[in-house]
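Asker: Input structure: start_12.cif, which contains mmCIF, C-alpha atoms.
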```
data_work
loop_
_atom_site.label_atom_id
_atom_site.label_comp_id
_atom_site.auth_asym_id
_atom_site.auth_seq_id
_atom_site.Cartn_x
_atom_site.Cartn_y
_atom_site.Cartn_z
CA MET A 105 0.00 0.00 0.00
CA ASN A 106 1.35 3.43 -0.96
CA ASP A 107 1.53 5.90 1.93
CA ALA A 108 0.27 9.45 1.30
CA GLN A 109 2.62 10.73 4.03
CA THR A 110 5.67 9.99 1.85
CA LEU A 111 6.58 12.82 -0.54
CA LYS A 112 7.99 11.51 -3.80
CA GLN A 113 9.38 13.25 -6.87
CA ASP A 114 8.94 12.42 -10.53
CA ALA A 115 12.44 12.23 -12.00
CA GLY A 116 11.36 13.40 -15.44
CA THR A 117 9.51 16.57 -14.44
CA GLY A 118 10.64 17.29 -10.88
CA ILE A 119 6.98 17.36 -9.79
CA ALA A 120 6.48 16.29 -6.17
CA PHE A 121 3.54 14.09 -5.18
CA ARG A 122 2.14 11.73 -2.61
CA ALA A 123 0.57 8.39 -3.54
CA LEU A 124 -2.33 6.68 -1.79
CA GLY A 125 -3.61 3.30 -2.91
CA PRO A 126 -2.58 -0.22 -3.89
CA GLU A 127 0.80 -1.32 -5.22
CA ALA A 128 -0.97 -2.90 -8.20
CA PRO A 129 -3.68 -0.37 -9.06
CA GLU A 130 -6.45 -0.78 -11.60
CA ALA A 131 -6.77 2.94 -12.33
CA LEU A 132 -5.15 6.34 -11.72
CA LEU A 133 -6.70 9.46 -10.21
CA VAL A 134 -4.47 12.54 -10.38
CA LEU A 135 -5.62 15.24 -7.93
CA LEU A 136 -4.47 18.87 -8.11
CA HIS A 137 -4.90 21.47 -5.35
CA GLY A 138 -5.79 25.14 -5.71
CA VAL A 139 -3.50 28.19 -5.88
CA GLY A 140 -1.84 28.88 -2.55
CA GLY A 141 -2.63 25.39 -1.29
CA ARG A 142 -0.69 22.15 -1.09
CA GLU A 143 -1.17 18.53 -2.09
CA LEU A 144 -2.51 17.36 1.29
CA ASP A 145 -5.52 19.67 0.84
CA LEU A 146 -7.17 16.89 -1.19
CA GLN A 147 -6.11 13.97 1.00
CA ALA A 148 -9.63 13.43 2.39
CA LEU A 149 -11.05 13.31 -1.13
CA ALA A 150 -8.45 10.73 -2.12
CA ALA A 151 -8.77 8.60 0.99
CA ALA A 152 -12.51 8.09 0.49
CA SER A 153 -12.15 7.03 -3.15
CA ASP A 154 -12.19 3.48 -4.51
CA PRO A 155 -9.34 1.38 -2.99
CA ARG A 156 -8.52 -0.07 -6.41
CA VAL A 157 -7.46 3.38 -7.60
CA LEU A 158 -3.99 4.84 -7.10
CA LYS A 159 -4.55 8.44 -6.03
CA LEU A 160 -1.75 10.91 -6.75
CA LEU A 161 -1.80 14.07 -4.64
CA VAL A 162 0.28 16.45 -6.73
CA ARG A 163 2.14 19.47 -5.33
CA SER A 164 2.16 22.38 -7.76
CA PRO A 165 5.76 23.27 -8.71
CA LEU A 166 5.65 27.07 -8.23
CA VAL A 167 6.50 28.08 -4.64
CA LEU A 168 4.54 31.14 -3.49
CA ALA A 169 5.51 30.90 0.20
CA PRO A 170 6.37 28.11 2.67
CA GLY A 171 3.61 25.50 2.28
CA SER A 172 1.93 27.52 -0.49
CA TYR A 173 2.15 26.43 -4.14
CA ALA A 174 0.68 27.12 -7.57
CA TRP A 175 0.93 26.07 -11.20
CA PHE A 176 1.03 29.66 -12.43
CA GLN A 177 0.65 33.15 -11.04
CA VAL A 178 -2.77 34.78 -11.14
CA GLY A 179 -4.12 38.15 -10.08
CA PHE A 180 -7.77 38.87 -9.33
CA THR A 181 -9.03 42.17 -10.71
CA ARG A 182 -12.45 43.78 -11.06
CA HIS A 183 -12.38 42.61 -14.69
CA GLY A 184 -11.70 39.00 -13.70
CA PRO A 185 -8.62 36.79 -13.20
CA VAL A 186 -5.41 37.75 -15.01
CA ILE A 187 -2.89 34.93 -15.46
CA ASP A 188 0.73 34.52 -16.47
CA ALA A 189 -0.05 32.74 -19.75
CA ALA A 190 3.53 31.57 -20.34
CA GLN A 191 3.66 29.94 -16.90
CA ALA A 192 0.27 28.31 -17.49
CA GLU A 193 1.40 26.83 -20.79
CA ASP A 194 4.66 25.54 -19.34
CA ALA A 195 2.69 24.00 -16.47
CA ARG A 196 0.26 22.29 -18.87
CA LEU A 197 3.11 20.67 -20.78
CA ARG A 198 4.83 19.63 -17.57
CA LEU A 199 1.64 18.04 -16.23
CA ALA A 200 1.18 16.11 -19.48
CA THR A 201 4.70 14.67 -19.20
CA PHE A 202 4.08 13.80 -15.54
CA ILE A 203 0.97 11.81 -16.44
CA GLU A 204 2.77 10.08 -19.30
CA ASN A 205 5.49 9.03 -16.86
CA LEU A 206 2.90 7.70 -14.40
CA GLN A 207 1.22 5.65 -17.10
CA ARG A 208 4.53 4.24 -18.26
CA GLU A 209 5.45 3.27 -14.70
CA THR A 210 2.10 1.68 -13.80
CA GLY A 211 1.19 0.22 -17.18
CA LEU A 212 -2.21 1.94 -16.98
CA GLY A 213 -3.40 3.84 -20.04
CA PRO A 214 -5.70 6.77 -20.79
CA ALA A 215 -8.88 4.72 -20.39
CA ARG A 216 -7.87 4.09 -16.75
CA THR A 217 -6.76 7.65 -15.94
CA VAL A 218 -8.76 10.58 -14.54
CA VAL A 219 -7.35 14.01 -13.67
CA ALA A 220 -9.21 16.42 -11.41
CA GLY A 221 -8.63 19.42 -9.21
CA PHE A 222 -9.96 22.25 -7.11
CA SER A 223 -9.85 25.88 -8.34
CA GLN A 224 -6.52 26.29 -10.18
CA GLY A 225 -6.12 22.53 -9.98
CA GLY A 226 -9.42 22.20 -11.84
CA ILE A 227 -8.19 24.72 -14.41
CA MET A 228 -5.12 22.55 -14.98
CA SER A 229 -7.23 19.38 -15.19
CA ALA A 230 -9.55 20.82 -17.83
CA GLY A 231 -6.63 22.31 -19.75
CA LEU A 232 -4.78 19.01 -19.80
CA ALA A 233 -7.81 16.97 -20.85
CA LEU A 234 -9.04 19.29 -23.59
CA THR A 235 -5.62 19.60 -25.20
CA ARG A 236 -4.44 16.01 -24.59
CA PRO A 237 -7.52 13.78 -24.59
CA ASP A 238 -5.16 10.97 -25.56
CA LEU A 239 -3.92 10.94 -21.95
CA VAL A 240 -7.12 10.70 -19.88
CA CYS A 241 -10.70 9.46 -20.07
CA GLY A 242 -12.11 12.14 -17.79
CA PHE A 243 -11.46 15.36 -15.89
CA GLY A 244 -12.94 17.03 -12.83
CA LEU A 245 -13.38 20.80 -12.70
CA LEU A 246 -14.17 21.54 -9.05
CA SER A 247 -14.87 25.24 -8.49
CA GLY A 248 -12.66 26.16 -11.42
CA ARG A 249 -12.85 27.44 -14.99
CA ILE A 250 -11.57 26.71 -18.48
CA LEU A 251 -8.93 29.23 -19.50
CA PRO A 252 -9.99 31.29 -22.56
CA GLU A 253 -6.28 31.32 -23.51
CA LEU A 254 -6.59 27.58 -24.16
CA ALA A 255 -8.72 27.98 -27.30
CA PRO A 256 -5.96 27.62 -29.96
CA ARG A 257 -4.64 24.44 -28.34
CA ILE A 258 -7.86 22.49 -27.86
CA ALA A 259 -7.86 19.11 -29.61
CA ALA A 260 -10.00 18.25 -32.61
CA ARG A 261 -13.65 17.45 -31.96
CA GLU A 262 -13.15 13.81 -32.97
CA ALA A 263 -10.35 13.39 -30.41
CA LEU A 264 -12.55 14.84 -27.66
CA ALA A 265 -15.32 12.30 -28.27
CA SER A 266 -13.87 9.82 -25.76
CA LEU A 267 -13.62 12.43 -23.00
CA SER A 268 -16.01 13.09 -20.13
CA GLY A 269 -16.04 15.91 -17.59
CA PHE A 270 -17.46 16.67 -14.16
CA ILE A 271 -18.14 20.29 -13.18
CA SER A 272 -19.09 21.34 -9.65
CA HIS A 273 -19.45 24.92 -8.46
CA GLY A 274 -20.81 26.81 -5.48
CA LEU A 275 -23.59 29.28 -6.15
CA GLN A 276 -22.05 31.68 -3.63
CA ASP A 277 -18.48 31.40 -4.92
CA SER A 278 -16.91 34.87 -4.58
CA VAL A 279 -13.46 33.88 -5.88
CA LEU A 280 -14.53 32.36 -9.18
CA PRO A 281 -18.21 33.30 -9.63
CA VAL A 282 -20.62 30.64 -10.84
CA ALA A 283 -20.74 32.36 -14.24
CA TRP A 284 -17.44 30.60 -14.98
CA ALA A 285 -19.15 27.22 -14.60
CA GLU A 286 -21.87 28.37 -16.97
CA ARG A 287 -19.21 29.35 -19.51
CA SER A 288 -17.56 25.95 -19.11
CA ASP A 289 -20.91 24.22 -19.72
CA ALA A 290 -21.45 26.22 -22.89
CA TRP A 291 -17.94 25.62 -24.21
CA LEU A 292 -17.99 21.87 -23.56
CA THR A 293 -21.39 21.63 -25.25
CA GLU A 294 -19.99 23.44 -28.27
CA LEU A 295 -17.01 21.07 -28.36
CA GLY A 296 -19.24 18.00 -28.09
CA VAL A 297 -17.66 16.86 -24.81
CA ALA A 298 -19.89 14.81 -22.53
CA PHE A 299 -20.12 16.16 -18.99
CA GLN A 300 -22.09 16.40 -15.76
CA SER A 301 -22.52 19.85 -14.25
CA ARG A 302 -23.81 20.54 -10.73
CA ARG A 303 -24.38 23.60 -8.57
CA TYR A 304 -24.38 23.71 -4.78
CA PRO A 305 -25.38 26.17 -2.03
CA ALA A 306 -21.70 26.81 -1.22
CA GLY A 307 -18.78 29.19 -1.67
CA HIS A 308 -15.30 28.53 -3.06
CA GLU A 309 -14.86 25.11 -1.48
CA ILE A 310 -15.38 21.38 -1.79
CA THR A 311 -18.33 20.38 0.38
CA VAL A 312 -19.25 16.87 1.53
CA GLU A 313 -21.96 16.75 -1.11
CA MET A 314 -19.62 17.89 -3.88
CA ALA A 315 -17.05 15.26 -2.89
CA ARG A 316 -19.70 12.52 -2.81
CA ASP A 317 -21.00 13.42 -6.28
CA PHE A 318 -17.48 13.66 -7.69
CA ARG A 319 -16.50 10.24 -6.35
CA ALA A 320 -19.67 8.71 -7.81
CA TRP A 321 -18.83 10.24 -11.20
CA VAL A 322 -15.26 8.88 -11.06
CA GLN A 323 -16.60 5.44 -10.21
CA ASP A 324 -19.01 5.49 -13.15
CA ARG A 325 -16.30 6.75 -15.47
CA LEU A 326 -13.74 4.09 -14.55
CA TRP A 327 -16.20 1.21 -14.13
CA PRO A 328 -19.20 2.12 -16.31
CA ASP A 329 -20.55 -1.42 -16.43
CA GLN A 330 -20.43 -2.00 -12.69
CA GLU A 331 -23.67 -1.68 -10.73
#
```
As structure tokens, how would this structure be written, given the file I've shared?

Answerer:
Amino acid sequence: MNDAQTLKQDAGTGIAFRALGPEAPEALLVLLHGVGGRELDLQALAAASDPRVLKLLVRSPLVLAPGSYAWFQVGFTRHGPVIDAAQAEDARLRLATFIENLQRETGLGPARTVVAGFSQGGIMSAGLALTRPDLVCGFGLLSGRILPELAPRIAAREALASLSGFISHGLQDSVLPVAWAERSDAWLTELGVAFQSRRYPAGHEITVEMARDFRAWVQDRLWPDQE
């Protein structure tokens, strides 16, 4: 059994992570925390997931402060979030390589791999999946958004056909207002990507209900024929 208390590092990308799950997993769930957070923020979500799944709690590589990490820098203005686009693109490529390395090491392919995250972690999950649908079968966008800057890099409609998404968002979210979830719904519909989208009486957070619905979606995505 892998121990989530042990911090490991991917040799190819330098990305640090903790693993929770069996030594011989049947599927991979890559979990990404929000900006200013750390990998253990999603430990409870991982611990309650299917024991057959190897859960990877990934630490974002950009150090903001001790115990505070991010994939890219972002500023919140009255006109909306403003990101460092170059950092975001570098992070997307780095995450793709990290997942490729995981799949090579475990022998598990895209059909057995889901990536998901909270806030900026959700942004990274959606960005990875929509540009590299050859790497995952599903993505979770938990209180996040799809970056408009991603548009030129999104994969062809035919390549996206095998992808599925899960969107959860709090109706009282003051960090990333619920309008971002509505935009994500519209964009995924336009792209022909299958998805579930749910709203909750919550702020910028993962509630017990959100976590329960997300885990049920992951279960259905990885084992669609299992009752």

Asker: Given the file above and the PyMOL selection byres ((chain A and resi 115-127) around 7), which residues are selected, and can you give them as a list in words?

Answerer: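 For this structure, the PyMOL selection byres ((chain A and resi 115-127) around 7) resolves to Met105, Asn106, Asp107, Ala108, Gln109, Thr110, Leu111, Lys112, Gln113, Asp114, Ala128, Pro129, Pro155, Arg156, Val157, Leu158, Lys159, Leu160, Leu161, Val162, Arg163, Pro165, Arg198 and Phe202 of chain A.
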
Asker: What separation in Å, quoted to one decimal, exists between CA of Val322 in chain A and CA of Asp289 in chain A?

Answerer: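 So the answer is 18.5 Å.
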
Asker: Taking the file above as input, evaluate the PyMOL selection byres ((chain A and resi 310) around 8) and report the hits as a PDB file with C-alpha atoms, in the frame of the given file.

Answerer:
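Dumped to selection-v4.pdb:
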```
ATOM      1  CA  PHE A 222      -9.960  22.250  -7.110  1.00  0.00           C
ATOM      2  CA  LEU A 246     -14.170  21.540  -9.050  1.00  0.00           C
ATOM      3  CA  SER A 247     -14.870  25.240  -8.490  1.00  0.00           C
ATOM      4  CA  HIS A 308     -15.300  28.530  -3.060  1.00  0.00           C
ATOM      5  CA  GLU A 309     -14.860  25.110  -1.480  1.00  0.00           C
ATOM      6  CA  THR A 311     -18.330  20.380   0.380  1.00  0.00           C
ATOM      7  CA  VAL A 312     -19.250  16.870   1.530  1.00  0.00           C
ATOM      8  CA  MET A 314     -19.620  17.890  -3.880  1.00  0.00           C
ATOM      9  CA  ALA A 315     -17.050  15.260  -2.890  1.00  0.00           C
TER      10      ALA A 315
END
```

Asker: Quick one: apply the PyMOL selection byres ((chain A and resi 279) around 12) to the file and drop the selected residues here as a PyMOL selection string.

Answerer: chain A and resi 138-139+178-182+184-185+223-224+247-249+273-278+280-284+306-309

Asker: Give me, as an mmCIF file with C-alpha atoms, in the coordinates of the input, all polymer residues having an atom no more than 8 Å from Arg142 in chain A, counting only C-alpha atoms and skipping those fewer than 3 positions away in the same chain.

Answerer:
```
data_model
loop_
_atom_site.group_PDB
_atom_site.id
_atom_site.type_symbol
_atom_site.label_atom_id
_atom_site.label_comp_id
_atom_site.auth_asym_id
_atom_site.auth_seq_id
_atom_site.Cartn_x
_atom_site.Cartn_y
_atom_site.Cartn_z
ATOM 1 C CA HIS A 137 -4.900 21.470 -5.350
ATOM 2 C CA GLY A 138 -5.790 25.140 -5.710
ATOM 3 C CA ASP A 145 -5.520 19.670 0.840
ATOM 4 C CA ARG A 163 2.140 19.470 -5.330
ATOM 5 C CA SER A 164 2.160 22.380 -7.760
ATOM 6 C CA GLY A 171 3.610 25.500 2.280
ATOM 7 C CA SER A 172 1.930 27.520 -0.490
ATOM 8 C CA TYR A 173 2.150 26.430 -4.140
#
```

Asker: Show me the residues close to (-3.6, 11.3, -12.9) - anything with an atom within 12 Å, counting all atoms listed in the file - and format the list as a PyMOL selection string.

Answerer: chain A and resi 121-123+131-136+150+157-162+199-207+210+212-221+225+228-229+232-233+239-244
